[in-house]
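Here's model_30.txt, which has compact mmCIF, C-alpha atoms:
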# COMPACT_ATOMS: atom_id res chain seq x y z
CA MET A 1 0.00 0.00 0.00
CA ALA A 2 1.49 3.37 1.04
CA GLU A 3 5.21 3.87 0.48
CA ILE A 4 6.76 5.87 3.32
CA ARG A 5 10.25 7.36 3.21
CA PRO A 6 12.43 9.37 5.61
CA PHE A 7 13.89 12.62 4.29
CA ARG A 8 16.40 15.33 5.12
CA GLY A 9 14.11 18.01 6.46
CA VAL A 10 14.73 21.75 6.31
CA HIS A 11 13.95 23.74 9.45
CA TYR A 12 14.80 26.97 11.20
CA ASN A 13 18.15 27.45 12.90
CA LYS A 14 17.27 28.49 16.44
CA GLU A 15 20.76 29.98 16.83
CA VAL A 16 19.74 32.60 14.25
CA VAL A 17 15.99 33.10 14.77
CA GLY A 18 15.63 32.30 18.47
CA ASP A 19 12.38 30.69 19.59
CA ILE A 20 10.78 28.88 16.66
CA SER A 21 7.23 29.74 17.76
CA GLY A 22 7.63 33.28 16.41
CA VAL A 23 8.62 32.22 12.89
CA ILE A 24 6.23 29.39 11.99
CA CYS A 25 2.83 30.30 10.56
CA PRO A 26 -0.53 28.70 9.73
CA PRO A 27 -1.02 27.06 6.32
CA TYR A 28 -1.82 29.41 3.44
CA ASP A 29 -5.53 28.57 3.21
CA ILE A 30 -6.53 30.01 6.60
CA ILE A 31 -4.39 33.17 6.59
CA SER A 32 -6.71 36.18 6.81
CA PRO A 33 -5.61 39.74 5.91
CA GLN A 34 -5.31 40.62 9.61
CA MET A 35 -3.33 37.45 10.32
CA ASP A 36 -1.09 38.26 7.36
CA GLU A 37 -0.31 41.66 8.88
CA ASP A 38 0.29 40.22 12.35
CA LEU A 39 2.65 37.52 11.08
CA HIS A 40 4.70 39.94 9.00
CA ASN A 41 5.09 42.18 12.05
CA ARG A 42 5.86 39.30 14.42
CA ASN A 43 9.31 38.42 13.12
CA ALA A 44 11.43 39.34 10.08
CA TYR A 45 11.98 35.62 9.50
CA ASN A 46 8.34 34.58 9.75
CA PHE A 47 7.61 31.77 7.31
CA ILE A 48 4.63 33.58 5.80
CA ARG A 49 7.16 35.27 3.50
CA ILE A 50 7.71 31.86 1.89
CA GLU A 51 4.37 30.15 2.47
CA TYR A 52 2.16 32.99 1.19
CA ASN A 53 4.14 35.95 -0.06
CA ARG A 54 2.11 39.10 -0.66
CA LEU A 55 0.75 40.18 -4.02
CA GLN A 56 2.05 43.49 -5.33
CA THR A 57 0.53 45.86 -7.87
CA ASP A 58 3.55 45.64 -10.19
CA ASP A 59 3.74 41.82 -10.22
CA SER A 60 4.98 40.34 -13.48
CA ASP A 61 6.07 36.99 -14.91
CA THR A 62 9.57 37.55 -13.53
CA ASN A 63 8.73 39.32 -10.26
CA ASN A 64 5.75 37.96 -8.33
CA ARG A 65 4.77 36.36 -5.05
CA TYR A 66 6.29 33.02 -6.13
CA THR A 67 9.64 34.36 -7.34
CA ARG A 68 9.91 36.42 -4.16
CA SER A 69 9.19 33.31 -2.04
CA ALA A 70 11.89 31.41 -3.94
CA ALA A 71 14.44 34.20 -3.52
CA ILE A 72 13.81 34.37 0.24
CA PHE A 73 14.01 30.58 0.53
CA GLU A 74 17.39 30.49 -1.20
CA GLU A 75 18.64 33.50 0.79
CA TRP A 76 17.68 31.94 4.13
CA LEU A 77 19.25 28.63 3.15
CA GLY A 78 22.44 30.45 2.16
CA LYS A 79 22.57 32.40 5.42
CA ASN A 80 21.77 29.36 7.60
CA VAL A 81 18.49 30.87 8.73
CA LEU A 82 17.15 27.58 7.43
CA VAL A 83 19.28 24.44 7.76
CA THR A 84 19.04 20.98 6.23
CA ASP A 85 19.51 17.88 8.36
CA ASN A 86 22.49 15.71 7.52
CA VAL A 87 20.69 12.35 7.56
CA PRO A 88 17.19 11.27 6.47
CA ALA A 89 14.73 11.13 9.35
CA ILE A 90 11.20 10.34 10.39
CA TYR A 91 10.04 13.47 12.23
CA VAL A 92 7.77 12.93 15.23
CA HIS A 93 5.69 16.03 15.96
CA ASP A 94 3.94 16.58 19.28
CA GLN A 95 1.52 19.50 19.02
CA PHE A 96 0.18 20.83 22.33
CA PHE A 97 -3.00 22.92 22.31
CA TYR A 98 -5.99 23.90 24.43
CA LEU A 99 -9.68 23.21 24.02
CA ASP A 100 -12.30 24.29 26.55
CA GLY A 101 -9.55 24.96 29.08
CA ASP A 102 -7.93 21.53 28.82
CA GLU A 103 -4.51 20.87 27.27
CA TYR A 104 -4.21 18.22 24.57
CA LYS A 105 -1.23 16.60 22.87
CA ARG A 106 -1.64 15.37 19.30
CA ARG A 107 1.20 13.19 18.05
CA SER A 108 1.89 12.92 14.32
CA LEU A 109 4.65 11.75 11.97
CA ILE A 110 6.17 13.87 9.22
CA VAL A 111 7.39 11.75 6.31
CA ARG A 112 7.65 11.57 2.55
CA VAL A 113 4.91 9.55 0.86
CA ARG A 114 5.01 8.36 -2.73
CA LEU A 115 2.42 10.23 -4.81
CA GLU A 116 -0.28 7.96 -6.20
CA ASP A 117 -3.33 8.69 -8.34
CA TRP A 118 -6.61 8.53 -6.44
CA ASP A 119 -7.85 5.61 -8.54
CA LYS A 120 -5.13 3.36 -7.11
CA ASN A 121 -6.94 3.69 -3.76
CA ILE A 122 -3.66 3.84 -1.83
CA VAL A 123 -4.06 7.45 -0.75
CA ARG A 124 -7.77 8.07 -0.31
CA PRO A 125 -9.57 11.44 -0.41
CA HIS A 126 -12.83 12.42 1.27
CA GLU A 127 -13.58 15.80 -0.30
CA ASN A 128 -13.49 17.54 -3.68
CA THR A 129 -11.01 20.22 -4.76
CA PHE A 130 -11.14 23.47 -6.73
CA LYS A 131 -8.89 24.89 -9.44
CA GLY A 132 -7.84 28.17 -7.78
CA PRO A 133 -5.99 26.81 -4.74
CA LYS A 134 -4.29 24.11 -6.85
CA LYS A 135 -2.94 26.66 -9.32
CA ASP A 136 -1.47 28.69 -6.47
CA ARG A 137 0.30 25.70 -4.88
CA ILE A 138 1.58 24.40 -8.25
CA ASN A 139 3.14 27.80 -8.96
CA LEU A 140 4.83 27.74 -5.56
CA LEU A 141 6.13 24.20 -6.15
CA TRP A 142 7.71 25.21 -9.46
CA ALA A 143 9.29 28.25 -7.85
CA LEU A 144 10.67 26.54 -4.73
CA ASN A 145 10.85 22.84 -5.58
CA ALA A 146 9.72 22.28 -2.01
CA ASN A 147 6.67 21.37 0.06
CA THR A 148 6.22 24.26 2.47
CA SER A 149 3.14 22.88 4.24
CA SER A 150 2.24 19.29 4.90
CA VAL A 151 -0.70 17.16 3.79
CA MET A 152 -2.48 15.85 6.89
CA SER A 153 -3.50 12.20 6.58
CA MET A 154 -4.78 9.46 8.85
CA TYR A 155 -3.88 5.80 9.24
CA GLU A 156 -5.29 2.87 11.21
CA ASP A 157 -3.26 1.35 14.04
CA LYS A 158 -5.71 -1.19 15.42
CA ASP A 159 -2.96 -3.48 16.69
CA LEU A 160 -1.09 -0.51 18.27
CA LYS A 161 2.17 -1.50 16.60
CA ILE A 162 2.97 2.06 15.53
CA SER A 163 2.12 3.66 18.88
CA SER A 164 4.18 1.03 20.70
CA PHE A 165 7.09 1.61 18.33
CA LEU A 166 6.97 5.37 18.94
CA LYS A 167 6.94 4.94 22.70
CA ARG A 168 9.97 2.70 22.38
CA MET A 169 11.80 5.23 20.19
CA ASP A 170 11.08 8.32 22.31
CA SER A 171 14.33 9.29 24.03
CA GLY A 172 13.01 12.63 25.21
CA LYS A 173 15.63 14.46 23.13
CA SER A 174 14.08 17.09 20.88
CA LEU A 175 15.19 18.65 17.61
CA ILE A 176 12.71 21.53 18.01
CA ALA A 177 10.92 22.69 21.15
CA THR A 178 8.96 25.93 21.09
CA ARG A 179 7.51 28.15 23.75
CA GLU A 180 3.75 28.51 23.91
CA LEU A 181 2.33 31.11 21.53
CA ASP A 182 -1.30 31.62 20.50
CA GLY A 183 -2.25 28.70 22.72
CA GLU A 184 0.06 26.19 21.04
CA ARG A 185 3.52 24.76 21.47
CA HIS A 186 5.47 22.18 19.52
CA LYS A 187 8.07 19.50 20.06
CA VAL A 188 9.78 17.64 17.21
CA TRP A 189 12.12 14.69 17.58
CA THR A 190 13.61 12.35 15.02
CA ILE A 191 14.07 8.67 14.22
CA THR A 192 17.21 8.22 12.11
CA GLU A 193 18.71 4.80 12.87
CA PRO A 194 18.36 2.92 9.54
CA GLN A 195 16.93 -0.32 10.93
CA SER A 196 14.38 1.56 13.05
CA VAL A 197 13.40 3.69 10.06
CA LYS A 198 12.91 0.56 7.96
CA GLU A 199 10.84 -1.06 10.70
CA PHE A 200 8.63 2.02 10.84
CA CYS A 201 8.18 2.30 7.06
CA ASP A 202 7.36 -1.40 6.79
CA TYR A 203 4.33 -0.90 9.04
CA PHE A 204 2.64 0.96 6.18
CA ASN A 205 3.23 -1.66 3.51
CA ASP A 206 -0.34 -2.93 3.90
CA LYS A 207 -2.02 0.33 4.96
CA PRO A 208 -3.89 2.91 2.90
CA LEU A 209 -3.72 6.55 3.95
CA TYR A 210 -6.74 8.84 4.32
CA VAL A 211 -6.25 12.51 3.45
CA ALA A 212 -7.73 14.56 6.27
CA ASP A 213 -6.66 18.10 5.36
CA GLY A 214 -4.68 19.27 2.35
CA HIS A 215 -6.42 17.73 -0.66
CA HIS A 216 -5.37 20.74 -2.78
CA ARG A 217 -1.75 20.34 -1.68
CA TYR A 218 -1.79 16.65 -2.53
CA GLU A 219 -3.32 17.14 -5.97
CA SER A 220 -0.93 20.04 -6.69
CA ALA A 221 2.03 17.82 -5.82
CA LEU A 222 0.61 15.10 -8.06
CA ILE A 223 0.33 17.52 -11.00
CA TYR A 224 3.83 18.85 -10.30
CA LYS A 225 5.17 15.28 -10.31
CA LYS A 226 3.60 14.59 -13.71
CA GLU A 227 4.87 17.85 -15.17
CA ARG A 228 8.39 17.19 -13.89
CA ASN A 229 8.34 13.66 -15.28
CA ALA A 230 7.23 15.01 -18.67
CA CYS A 231 10.15 17.47 -18.67
CA ASP A 232 12.77 15.01 -17.42
CA LYS A 233 14.14 12.74 -20.15
CA ASP A 234 15.86 10.58 -17.52
CA ALA A 235 12.94 10.46 -15.10
CA ASN A 236 13.79 8.45 -12.00
CA ALA A 237 11.01 6.75 -10.03
CA ASP A 238 12.85 7.64 -6.81
CA ALA A 239 13.25 11.32 -7.67
CA ALA A 240 12.14 13.49 -4.77
CA TYR A 241 9.34 15.13 -6.76
CA ASN A 242 7.58 11.75 -6.90
CA PHE A 243 6.90 12.15 -3.17
CA VAL A 244 5.04 14.65 -1.02
CA MET A 245 5.53 15.70 2.59
CA MET A 246 2.75 14.21 4.67
CA THR A 247 1.89 14.34 8.35
CA LEU A 248 0.35 11.08 9.54
CA LEU A 249 -2.06 10.76 12.47
CA ASP A 250 -3.69 7.77 14.11
CA MET A 251 -7.41 8.06 13.31
CA ASP A 252 -8.25 6.56 16.72
CA ASP A 253 -6.20 9.09 18.65
CA PRO A 254 -8.62 10.67 21.18
CA ASN A 255 -6.73 13.95 20.72
CA LEU A 256 -7.60 14.06 17.02
CA ILE A 257 -10.18 16.86 17.07
CA ILE A 258 -12.49 17.29 14.07
CA PHE A 259 -14.84 20.26 14.35
CA PRO A 260 -18.11 20.31 12.43
CA THR A 261 -18.96 23.26 10.18
CA HIS A 262 -22.19 25.01 11.12
CA ARG A 263 -24.39 26.73 8.53
CA LEU A 264 -25.57 30.33 9.04
CA LEU A 265 -28.40 31.31 6.70
CA SER A 266 -29.32 34.86 5.67
CA GLY A 267 -31.21 36.58 2.87
CA LEU A 268 -34.12 34.13 2.98
CA GLU A 269 -37.32 35.63 1.59
CA THR A 270 -40.56 35.63 3.58
CA GLU A 271 -42.32 33.23 1.23
CA VAL A 272 -39.46 30.77 1.75
CA THR A 273 -39.48 30.94 5.54
CA ALA A 274 -43.27 31.06 5.89
CA ASN A 275 -44.48 27.99 7.80
CA LEU A 276 -40.92 26.70 7.87
CA GLU A 277 -41.49 24.77 11.06
CA GLU A 278 -44.42 22.91 9.50
CA LYS A 279 -42.34 22.11 6.42
CA LEU A 280 -39.57 20.73 8.64
CA LYS A 281 -42.08 18.54 10.49
CA ALA A 282 -42.63 16.56 7.30
CA TYR A 283 -39.14 15.12 7.83
CA PHE A 284 -38.27 15.80 11.49
CA ASP A 285 -39.66 15.52 14.98
CA ILE A 286 -38.96 18.82 16.76
CA GLU A 287 -38.19 19.27 20.44
CA GLU A 288 -37.78 22.76 21.92
CA LEU A 289 -35.46 24.03 24.65
CA SER A 290 -35.34 27.58 25.98
CA PHE A 291 -32.00 29.38 26.06
CA ASP A 292 -33.11 30.72 29.44
CA ALA A 293 -32.56 27.26 30.92
CA PRO A 294 -29.19 27.24 32.77
CA ASP A 295 -28.34 23.73 31.61
CA VAL A 296 -29.57 24.00 28.03
CA TRP A 297 -26.35 22.69 26.44
CA GLN A 298 -26.05 19.82 28.90
CA GLN A 299 -29.55 18.80 27.84
CA VAL A 300 -28.64 19.15 24.17
CA ASP A 301 -25.47 17.09 24.55
CA SER A 302 -27.41 14.40 26.42
CA ILE A 303 -30.08 14.23 23.71
CA THR A 304 -27.67 14.26 20.76
CA ALA A 305 -25.41 11.65 22.38
CA ASP A 306 -27.95 9.06 21.23
CA GLU A 307 -26.40 7.89 17.93
CA ALA A 308 -29.38 5.71 17.06
CA SER A 309 -30.97 8.65 15.24
CA ILE A 310 -29.79 11.70 13.29
CA LYS A 311 -30.25 14.96 15.18
CA LEU A 312 -29.62 18.60 14.28
CA ASN A 313 -29.90 21.78 16.33
CA VAL A 314 -31.49 24.87 14.79
CA VAL A 315 -31.57 28.41 16.20
CA GLY A 316 -33.98 30.95 14.72
CA LEU A 317 -37.22 29.05 14.20
CA LYS A 318 -38.61 30.77 17.30
CA PRO A 319 -37.12 33.65 19.35
CA GLY A 320 -34.97 32.44 22.25
CA ILE A 321 -35.59 28.79 21.41
CA LEU A 322 -33.22 26.01 20.42
CA SER A 323 -35.00 23.49 18.19
CA ILE A 324 -33.71 19.91 18.19
CA LEU A 325 -34.60 18.16 14.94
CA THR A 326 -34.69 14.36 14.87
CA LEU A 327 -34.91 12.77 11.44
CA LYS A 328 -38.00 10.58 11.11
CA ASP A 329 -37.15 8.42 8.12
CA ILE A 330 -33.61 8.02 6.75
CA ASP A 331 -34.93 6.33 3.61
CA ALA A 332 -37.17 9.30 2.79
CA ALA A 333 -34.21 11.65 3.22
CA ALA A 334 -31.91 9.42 1.19
CA ALA A 335 -34.44 9.38 -1.67
CA ILE A 336 -33.86 13.13 -2.09
CA MET A 337 -30.10 12.68 -2.58
CA PRO A 338 -28.28 11.69 -5.77
CA VAL A 339 -28.65 7.94 -6.34
CA GLU A 340 -24.92 7.42 -6.86
CA ARG A 341 -24.10 8.57 -3.34
CA SER A 342 -22.95 5.98 -0.80
CA ASP A 343 -25.00 4.87 2.20
CA VAL A 344 -22.40 6.53 4.46
CA TYR A 345 -22.90 9.86 2.69
CA LYS A 346 -26.69 9.63 2.92
CA LYS A 347 -26.55 9.14 6.69
CA MET A 348 -24.30 12.12 7.42
CA ASP A 349 -26.04 14.99 9.16
CA VAL A 350 -24.35 17.48 6.82
CA SER A 351 -25.86 15.63 3.86
CA ILE A 352 -29.30 15.87 5.53
CA VAL A 353 -28.79 19.61 5.99
CA ASP A 354 -27.64 20.22 2.42
CA HIS A 355 -30.14 18.06 0.56
CA VAL A 356 -33.23 18.00 2.78
CA ILE A 357 -33.24 21.40 4.51
CA LEU A 358 -31.37 23.68 2.12
CA GLU A 359 -32.28 22.20 -1.25
CA LYS A 360 -35.65 20.49 -0.71
CA ILE A 361 -37.31 22.67 1.94
CA LEU A 362 -35.66 26.07 1.38
CA GLY A 363 -35.16 25.68 -2.37
CA MET A 364 -31.57 26.94 -2.37
CA GLN A 365 -28.24 25.55 -3.54
CA SER A 366 -26.11 24.07 -0.79
CA ASP A 367 -23.08 26.01 -2.09
CA ASP A 368 -24.84 29.41 -2.11
CA GLU A 369 -22.14 31.37 -0.27
CA LYS A 370 -24.04 34.64 -0.71
CA ARG A 371 -26.66 33.38 1.71
CA ILE A 372 -24.72 30.75 3.63
CA ALA A 373 -21.88 31.59 6.01
CA TYR A 374 -19.89 29.05 7.98
CA THR A 375 -18.33 28.77 11.41
CA HIS A 376 -16.74 25.98 13.45
CA ASP A 377 -17.66 27.69 16.73
CA ARG A 378 -21.02 26.62 18.14
CA ALA A 379 -21.23 29.58 20.51
CA GLU A 380 -20.60 32.00 17.63
CA ALA A 381 -23.29 30.34 15.49
CA VAL A 382 -25.86 30.59 18.29
CA SER A 383 -24.94 34.18 19.13
CA ARG A 384 -25.21 35.34 15.52
CA ALA A 385 -28.67 33.79 15.18
CA LEU A 386 -29.93 35.16 18.49
CA ASN A 387 -28.77 38.73 17.77
CA GLY A 388 -30.15 38.73 14.22
CA GLU A 389 -26.91 38.58 12.26
CA CYS A 390 -28.38 35.58 10.44
CA GLN A 391 -31.89 34.20 10.16
CA LEU A 392 -31.09 30.59 10.96
CA ALA A 393 -28.12 28.75 12.46
CA ILE A 394 -27.98 25.03 11.75
CA ILE A 395 -25.68 23.34 14.26
CA THR A 396 -24.11 20.12 12.98
CA ASN A 397 -22.34 17.42 14.98
CA MET A 398 -18.72 16.34 15.37
CA VAL A 399 -17.39 14.12 12.60
CA LYS A 400 -15.43 11.02 13.55
CA GLY A 401 -12.29 9.80 11.85
CA GLN A 402 -14.11 6.53 11.18
CA THR A 403 -16.74 8.37 9.12
CA ILE A 404 -14.04 9.92 6.95
CA LYS A 405 -12.51 6.48 6.48
CA ASP A 406 -15.88 4.97 5.54
CA ILE A 407 -16.56 7.73 2.99
CA ALA A 408 -13.11 7.32 1.46
CA ASP A 409 -13.36 3.51 1.42
CA SER A 410 -16.63 3.78 -0.50
CA ARG A 411 -14.85 6.07 -3.01
CA ASP A 412 -17.32 8.84 -2.26
CA ARG A 413 -16.70 12.43 -1.15
CA MET A 414 -18.21 14.34 1.76
CA PRO A 415 -20.38 17.41 1.26
CA ARG A 416 -18.30 20.58 1.08
CA LYS A 417 -17.55 22.31 4.36
CA SER A 418 -18.00 19.13 6.40
CA THR A 419 -14.87 18.99 8.55
CA TYR A 420 -12.30 21.23 10.20
CA PHE A 421 -9.31 19.53 11.77
CA TYR A 422 -8.19 21.40 14.87
CA PRO A 423 -5.63 22.69 15.29
CA LYS A 424 -4.14 23.18 11.84
CA LEU A 425 -0.62 21.97 11.21
CA PRO A 426 1.92 24.81 11.19
CA SER A 427 3.92 25.74 8.11
CA GLY A 428 7.66 26.20 8.44
CA LEU A 429 8.22 23.68 11.21
CA ILE A 430 9.68 21.14 8.75
CA VAL A 431 10.06 21.79 5.01
CA ASN A 432 10.50 19.12 2.35
CA HIS A 433 13.08 20.37 -0.14
CA LEU A 434 12.64 18.16 -3.22
CA VAL A 435 16.33 17.61 -3.91
What would you get if you wrote out this structure as structure tokens?
Amino acid sequence: MAEIRPFRGVHYNKEVVGDISGVICPPYDIISPQMDEDLHNRNAYNFIRIEYNRLQTDDSDTNNRYTRSAAIFEEWLGKNVLVTDNVPAIYVHDQFFYLDGDEYKRRSLIVRVRLEDWDKNIVRPHENTFKGPKKDRINLLWALNANTSSVMSMYEDKDLKISSFLKRMDSGKSLIATRELDGERHKVWTITEPQSVKEFCDYFNDKPLYVADGHHRYESALIYKKERNACDKDANADAAYNFVMMTLLDMDDPNLIIFPTHRLLSGLETEVTANLEEKLKAYFDIEELSFDAPDVWQQVDSITADEASIKLNVVGLKPGILSILTLKDIDAAAAIMPVERSDVYKKMDVSIVDHVILEKILGMQSDDEKRIAYTHDRAEAVSRALNGECQLAIITNMVKGQTIKDIADSRDRMPRKSTYFYPKLPSGLIVNHLV
């Protein structure tokens, strides 16, 4: 199945930049304009200058965000701001973060993985991609010949061989250890002994990998590989561009946090929302809870913990009321969905929202971003509905790693905006220079 390789990673030289926490940055796809400004001001060596260099009004074919990223990358390598490890390694990354006041540690493995077409079913996707982000990442790959941010993927470790191996390998000695910043800190250590590396890589010989986050990065790397092979008369199957940097996580890790994506609806016309509750009752039983109740969310969590039925929470049907919707008939809901969709897809609450509520009842497209906003924060979704910033907030439930696996195994894709892996992997911690 998946072919895993160690590699000589590139990372910051702490003797030059000091604490690494001030120079790493989030991946390109979540960097807002304000975050961009903050990161540029944080440190002159912040990785955003490589990961997502700014557009300029006089950009041209020879001077643009990608050529500037490449120039900075080469400059920092030349000045030992960035250094390359002497021997190939498996990089073990412990990411510490907080959620609801509790600290978590998510352990992952940064490796090279051989690029495979989706149809080989070795690396398995769960969502669709779009042209714009892929074009951006392909341009950066051609400019840098490097993976600046990692593809996050999951693997199964039912027999606990990998977790046992990692415990055995952990000497406590770190390559990178950051201070806490923005609620996160990081520790990276390496496995370099050849026999241990081989033992680790062999564990994946019979395992597929499930892309969790970074589908655009994976597909961009796949396109780059094919373009490089077309240009290279002496193409070598082991050339570095035939691989991509990937961060692997155990899908059964209790510290693997996958937030749902809640839908916030606005701009709905009166004739659409008229008698909406009655229209919903054709498909759902509705239970009401008042937000004045001090234990409203404990009640909600208790009710929705029952996985025997599909439940959704809606704010906005009545003032000050949380409506709990329980699907009456899964077959009736499934009949509304495209026939080619898998049974797993048809039972997802996000699929119920998109096809039954948005498309069937409200008569709108599920990708209508003029009238649909998104948030991963339940409290924000509720607040925006209660104060009138949106007409309806539809609160979806946590997605499990097993559901992503089941979707991918069935060769289906999830509805868009289904998952948000928290926290995101940082960019700049380890870079995969394709040399």
Pairwise distance for CA of Leu322 in chain A and CA of Phe259 in chain A, rounded to one decimal in Å: 20.2 Å
Arg416 in chain A environment, 10 Å, only C-alpha atoms, sequence neighbours closer than 6 positions dropped, as a count of residues only: 10
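Atom pair CA of Ile162 in chain A / CA of Met1 in chain A has a distance of 15.9 Å (rounded to one decimal).
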Give me, as CSV, the closest atom pair and its distance (Å, one decimal) for every residue of range 57-136 of chain A within a cut-off of 10 Å of range 236-241 of chain A, counting all atoms listed in the file, rows sorted by chain and rising number.
residue,atom,partner,partner_atom,distance
A:Arg112,CA,A:Ala240,CA,8.8
A:Val113,CA,A:Ala240,CA,10.0
A:Arg114,CA,A:Asp238,CA,8.9
A:Leu115,CA,A:Tyr241,CA,8.7
Close residues, Arg185 in chain A itself excluded, 6 Å, all atoms listed in the file, min 6 positions apart in chain, as a PyMOL selection string: chain A and resi 96+178-179
CA of Leu276 in chain A to CA of Ile361 in chain A, straight-line distance in Å: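 The value is 8.0 Å.
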Distance query 12 Å from (-34.5, 22.0, -0.8) using all atoms listed in the file, result as a PyMOL selection string: chain A and resi 272+276+279-280+283+333+336-337+351-366
Residues within 12 Å of range 83-90 of chain A, all atoms listed in the file, excluding chain neighbours under 2 positions, as an MDAnalysis selection string: chainID A and resid 4:17 73:81 92:93 108:113 166 169 175 188:201 245:248 428:435
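Of the residues under consideration (A:Glu278, A:Glu288, A:Asp349, A:Glu369), A:Asp349 shows the shortest atom-to-atom contact distance to Met398 in chain A when counting all atoms listed in the file.
Nearest residue to Glu51 in chain A among A:Asp19, A:Arg65, A:Asp38, A:Ile321 is A:Arg65, counting only C-alpha atoms.
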